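See below for the structure under consideration.
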Amino acid sequence: MVYDRAALVALPDSMRTIYCEHLLHVTQQAKQLLITFEYDQSRFAGPPFSISAQLVERYYANAFAIHRLESKPVKGGSEDSTR
């Protein structure tokens, strides 16, 4: 199993597809637990970079059935109006 809590979100768009393909190859498509952030990238350029559900589908849908386990706002995040 692969636990990715900070790799995919650290990579710029130009490197993500290569990374995902490499990871699928070296792990023989082992199951993955992926943690991402989704936010308005125009407000914060990253890293960490915003990875939408559509991007996760683009990178992994050919290899996996994708299941979102949880989604929640992060206190102090870019969408938090109390900052």
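Residue numbering restarts at 1 in every chain; chains get A, B, ... in the order shown in the structure tokens, and ligands count up from 1 in that same order.
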Selection: 10 Å around Ala65 in chain A, only C-alpha atoms, excl. self and same-chain fewer than 5 positions, as a list of chain:residue names:
A:Lys31, A:Glu57, A:Tyr60
For the residues selected in the previous step, produce a file with N, CA, C and O atoms as a tab-separated table (two decimals), in the first residue's frame.
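Output file out-v5.tsv follows:
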```
chain	number	residue	atom	x	y	z
A	31	LYS	N	-2.53	-0.48	-3.83
A	31	LYS	CA	-3.57	0.45	-3.39
A	31	LYS	C	-2.91	1.67	-2.76
A	31	LYS	O	-1.83	1.59	-2.19
A	57	GLU	N	-8.81	11.82	-10.64
A	57	GLU	CA	-9.40	10.92	-11.65
A	57	GLU	C	-8.48	10.80	-12.86
A	57	GLU	O	-8.24	9.71	-13.36
A	60	TYR	N	-5.35	8.66	-11.88
A	60	TYR	CA	-5.47	7.31	-11.34
A	60	TYR	C	-6.67	6.49	-11.77
A	60	TYR	O	-6.76	5.31	-11.45
```
Can you pull out the residues contacting Leu23 in chain A? Cut-off 12 Å, using only C-alpha atoms, and skip same-chain residues under 4 positions away; I want them as a list in words.
Met1, Val2, Tyr3, Asp4, Ala7, Leu8, Arg16, Thr17, Ile18, Tyr19, Thr27, Gln28, Gln29, Ala30, Lys31, Gln32, Tyr59, Tyr60 and Ala63 of chain A
Could you give me the residues within range 11-82 of chain A that DSSP places in helix (DSSP H, G or I), as a short mmCIF file (atom, residue, chain, number, x, y, z; two decimals) with N, CA, C and O atoms, in the first residue's frame?
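Result file is states.cif:
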```
data_model
loop_
_atom_site.label_atom_id
_atom_site.label_comp_id
_atom_site.auth_asym_id
_atom_site.auth_seq_id
_atom_site.Cartn_x
_atom_site.Cartn_y
_atom_site.Cartn_z
N ASP A 13 2.47 20.88 -11.81
CA ASP A 13 1.65 20.17 -12.79
C ASP A 13 2.50 19.41 -13.82
O ASP A 13 2.18 18.30 -14.20
N SER A 14 3.59 20.01 -14.24
CA SER A 14 4.43 19.40 -15.28
C SER A 14 5.07 18.08 -14.86
O SER A 14 5.48 17.30 -15.71
N MET A 15 5.13 17.80 -13.57
CA MET A 15 5.77 16.58 -13.08
C MET A 15 4.78 15.52 -12.59
O MET A 15 5.16 14.37 -12.38
N ARG A 16 3.54 15.89 -12.38
CA ARG A 16 2.60 14.97 -11.71
C ARG A 16 2.28 13.72 -12.50
O ARG A 16 2.25 12.63 -11.94
N THR A 17 2.03 13.84 -13.78
CA THR A 17 1.69 12.65 -14.58
C THR A 17 2.85 11.66 -14.58
O THR A 17 2.65 10.46 -14.39
N ILE A 18 4.06 12.15 -14.75
CA ILE A 18 5.25 11.28 -14.73
C ILE A 18 5.38 10.59 -13.38
O ILE A 18 5.63 9.39 -13.29
N TYR A 19 5.19 11.35 -12.29
CA TYR A 19 5.26 10.79 -10.94
C TYR A 19 4.22 9.69 -10.75
O TYR A 19 4.54 8.60 -10.27
N CYS A 20 2.98 9.96 -11.12
CA CYS A 20 1.91 8.98 -10.93
C CYS A 20 2.16 7.71 -11.73
O CYS A 20 1.99 6.60 -11.22
N GLU A 21 2.59 7.86 -12.97
CA GLU A 21 2.90 6.68 -13.79
C GLU A 21 4.05 5.88 -13.20
O GLU A 21 4.00 4.65 -13.14
N HIS A 22 5.07 6.57 -12.73
CA HIS A 22 6.21 5.89 -12.10
C HIS A 22 5.78 5.16 -10.83
O HIS A 22 6.14 4.00 -10.62
N LEU A 23 5.00 5.81 -10.00
CA LEU A 23 4.53 5.21 -8.76
C LEU A 23 3.69 3.96 -9.04
O LEU A 23 3.87 2.92 -8.37
N LEU A 24 2.81 4.03 -10.01
CA LEU A 24 2.01 2.86 -10.37
C LEU A 24 2.91 1.72 -10.84
O LEU A 24 2.67 0.55 -10.50
N HIS A 25 3.95 2.04 -11.58
CA HIS A 25 4.87 1.01 -12.10
C HIS A 25 5.69 0.37 -10.97
O HIS A 25 5.72 -0.86 -10.85
N VAL A 26 6.34 1.18 -10.13
CA VAL A 26 7.23 0.61 -9.11
C VAL A 26 6.48 -0.10 -7.99
O VAL A 26 7.04 -0.96 -7.32
N ALA A 53 -10.56 16.80 -7.43
CA ALA A 53 -11.04 15.43 -7.64
C ALA A 53 -10.89 15.04 -9.10
O ALA A 53 -10.58 13.88 -9.41
N GLN A 54 -11.07 16.00 -10.00
CA GLN A 54 -10.92 15.71 -11.43
C GLN A 54 -9.47 15.35 -11.78
O GLN A 54 -9.23 14.48 -12.61
N LEU A 55 -8.52 16.01 -11.14
CA LEU A 55 -7.11 15.66 -11.37
C LEU A 55 -6.79 14.27 -10.84
O LEU A 55 -6.09 13.50 -11.49
N VAL A 56 -7.30 13.94 -9.67
CA VAL A 56 -7.09 12.60 -9.12
C VAL A 56 -7.64 11.57 -10.10
O VAL A 56 -6.98 10.56 -10.39
N GLU A 57 -8.81 11.82 -10.64
CA GLU A 57 -9.40 10.92 -11.65
C GLU A 57 -8.48 10.80 -12.86
O GLU A 57 -8.24 9.71 -13.36
N ARG A 58 -7.98 11.94 -13.32
CA ARG A 58 -7.11 11.92 -14.50
C ARG A 58 -5.84 11.10 -14.26
O ARG A 58 -5.41 10.34 -15.12
N TYR A 59 -5.27 11.23 -13.08
CA TYR A 59 -4.02 10.52 -12.79
C TYR A 59 -4.23 9.03 -12.50
O TYR A 59 -3.36 8.22 -12.81
N TYR A 60 -5.35 8.66 -11.88
CA TYR A 60 -5.47 7.31 -11.34
C TYR A 60 -6.67 6.49 -11.77
O TYR A 60 -6.76 5.31 -11.45
#
```
Can you work out the spacing between CA of Leu69 in chain A and CA of Leu34 in chain A in Å, to one decimal?
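Interatomic distance, CA of Leu69 in chain A to CA of Leu34 in chain A: 9.8 Å.
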I'd like to know which of A:Val74, A:Ile66, A:Val9, A:Ala61 is closest to Thr36 in chain A, using only C-alpha atoms.
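Answer, going by the shortest atom-to-atom distance: A:Val9.
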Pull the strand (DSSP E) assignments for chain A out of DSSP run on the backbone, and list those residues as a ChimeraX atom specification.
/A:2-4,32-34
Writing out the chosen residues with C-alpha atoms as a PDB file, in the first residue's frame:
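Resulting contents of result-v3.pdb:
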```pdb
ATOM      1  CA  VAL A   2       1.113   3.568  -0.723  1.00  0.00           C
ATOM      2  CA  TYR A   3       0.450   6.413   1.720  1.00  0.00           C
ATOM      3  CA  ASP A   4       0.893   9.730  -0.081  1.00  0.00           C
ATOM      4  CA  GLN A  32      -3.052   4.058  -2.360  1.00  0.00           C
ATOM      5  CA  LEU A  33      -4.236   6.402   0.342  1.00  0.00           C
ATOM      6  CA  LEU A  34      -3.863   9.891  -1.100  1.00  0.00           C
TER       7      LEU A  34
END
```
Between CA of Ser71 in chain A and CA of Tyr39 in chain A, what is the distance in Å, rounded to a tenth?
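That distance, rounded to one decimal, is 12.2 Å.
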Please, what distance in Å, to one decimal, runs between CA of Ser42 in chain A and CA of Leu11 in chain A?
16.7 Å
Which residues are near Phe49 in chain A? Cut-off 8 Å, only C-alpha atoms, ignore same chain within fewer than 4 positions. Put them as a PyMOL selection string.
chain A and resi 9-12+37-38+41+45
Those residues with N, CA, C and O atoms, as a PDB file, in the first residue's frame please?
```
ATOM      1  N   VAL A   9       0.981  16.634  -3.928  1.00  0.00           N
ATOM      2  CA  VAL A   9       0.672  18.057  -3.759  1.00  0.00           C
ATOM      3  C   VAL A   9       1.921  18.931  -3.801  1.00  0.00           C
ATOM      4  O   VAL A   9       1.823  20.137  -3.973  1.00  0.00           O
ATOM      5  N   ALA A  10       3.095  18.341  -3.668  1.00  0.00           N
ATOM      6  CA  ALA A  10       4.348  19.095  -3.700  1.00  0.00           C
ATOM      7  C   ALA A  10       4.871  19.291  -5.115  1.00  0.00           C
ATOM      8  O   ALA A  10       5.733  20.136  -5.343  1.00  0.00           O
ATOM      9  N   LEU A  11       4.354  18.523  -6.052  1.00  0.00           N
ATOM     10  CA  LEU A  11       4.874  18.558  -7.415  1.00  0.00           C
ATOM     11  C   LEU A  11       4.101  19.531  -8.298  1.00  0.00           C
ATOM     12  O   LEU A  11       2.871  19.568  -8.265  1.00  0.00           O
ATOM     13  N   PRO A  12       4.819  20.291  -9.140  1.00  0.00           N
ATOM     14  CA  PRO A  12       4.119  21.144 -10.100  1.00  0.00           C
ATOM     15  C   PRO A  12       3.426  20.283 -11.144  1.00  0.00           C
ATOM     16  O   PRO A  12       3.769  19.113 -11.354  1.00  0.00           O
ATOM     17  N   PHE A  37      -5.069  18.650  -1.220  1.00  0.00           N
ATOM     18  CA  PHE A  37      -5.683  19.928  -0.861  1.00  0.00           C
ATOM     19  C   PHE A  37      -6.381  20.457  -2.098  1.00  0.00           C
ATOM     20  O   PHE A  37      -5.867  20.303  -3.205  1.00  0.00           O
ATOM     21  N   GLU A  38      -7.534  21.072  -1.895  1.00  0.00           N
ATOM     22  CA  GLU A  38      -8.221  21.712  -3.014  1.00  0.00           C
ATOM     23  C   GLU A  38      -8.599  23.122  -2.585  1.00  0.00           C
ATOM     24  O   GLU A  38      -9.287  23.315  -1.586  1.00  0.00           O
ATOM     25  N   GLN A  41      -6.275  28.218  -6.443  1.00  0.00           N
ATOM     26  CA  GLN A  41      -4.833  28.337  -6.651  1.00  0.00           C
ATOM     27  C   GLN A  41      -4.429  29.780  -7.003  1.00  0.00           C
ATOM     28  O   GLN A  41      -3.285  30.150  -6.830  1.00  0.00           O
ATOM     29  N   ALA A  45      -0.197  30.274  -4.711  1.00  0.00           N
ATOM     30  CA  ALA A  45       0.408  29.571  -5.846  1.00  0.00           C
ATOM     31  C   ALA A  45       0.947  28.185  -5.495  1.00  0.00           C
ATOM     32  O   ALA A  45       1.135  27.364  -6.379  1.00  0.00           O
TER      33      ALA A  45
END
```
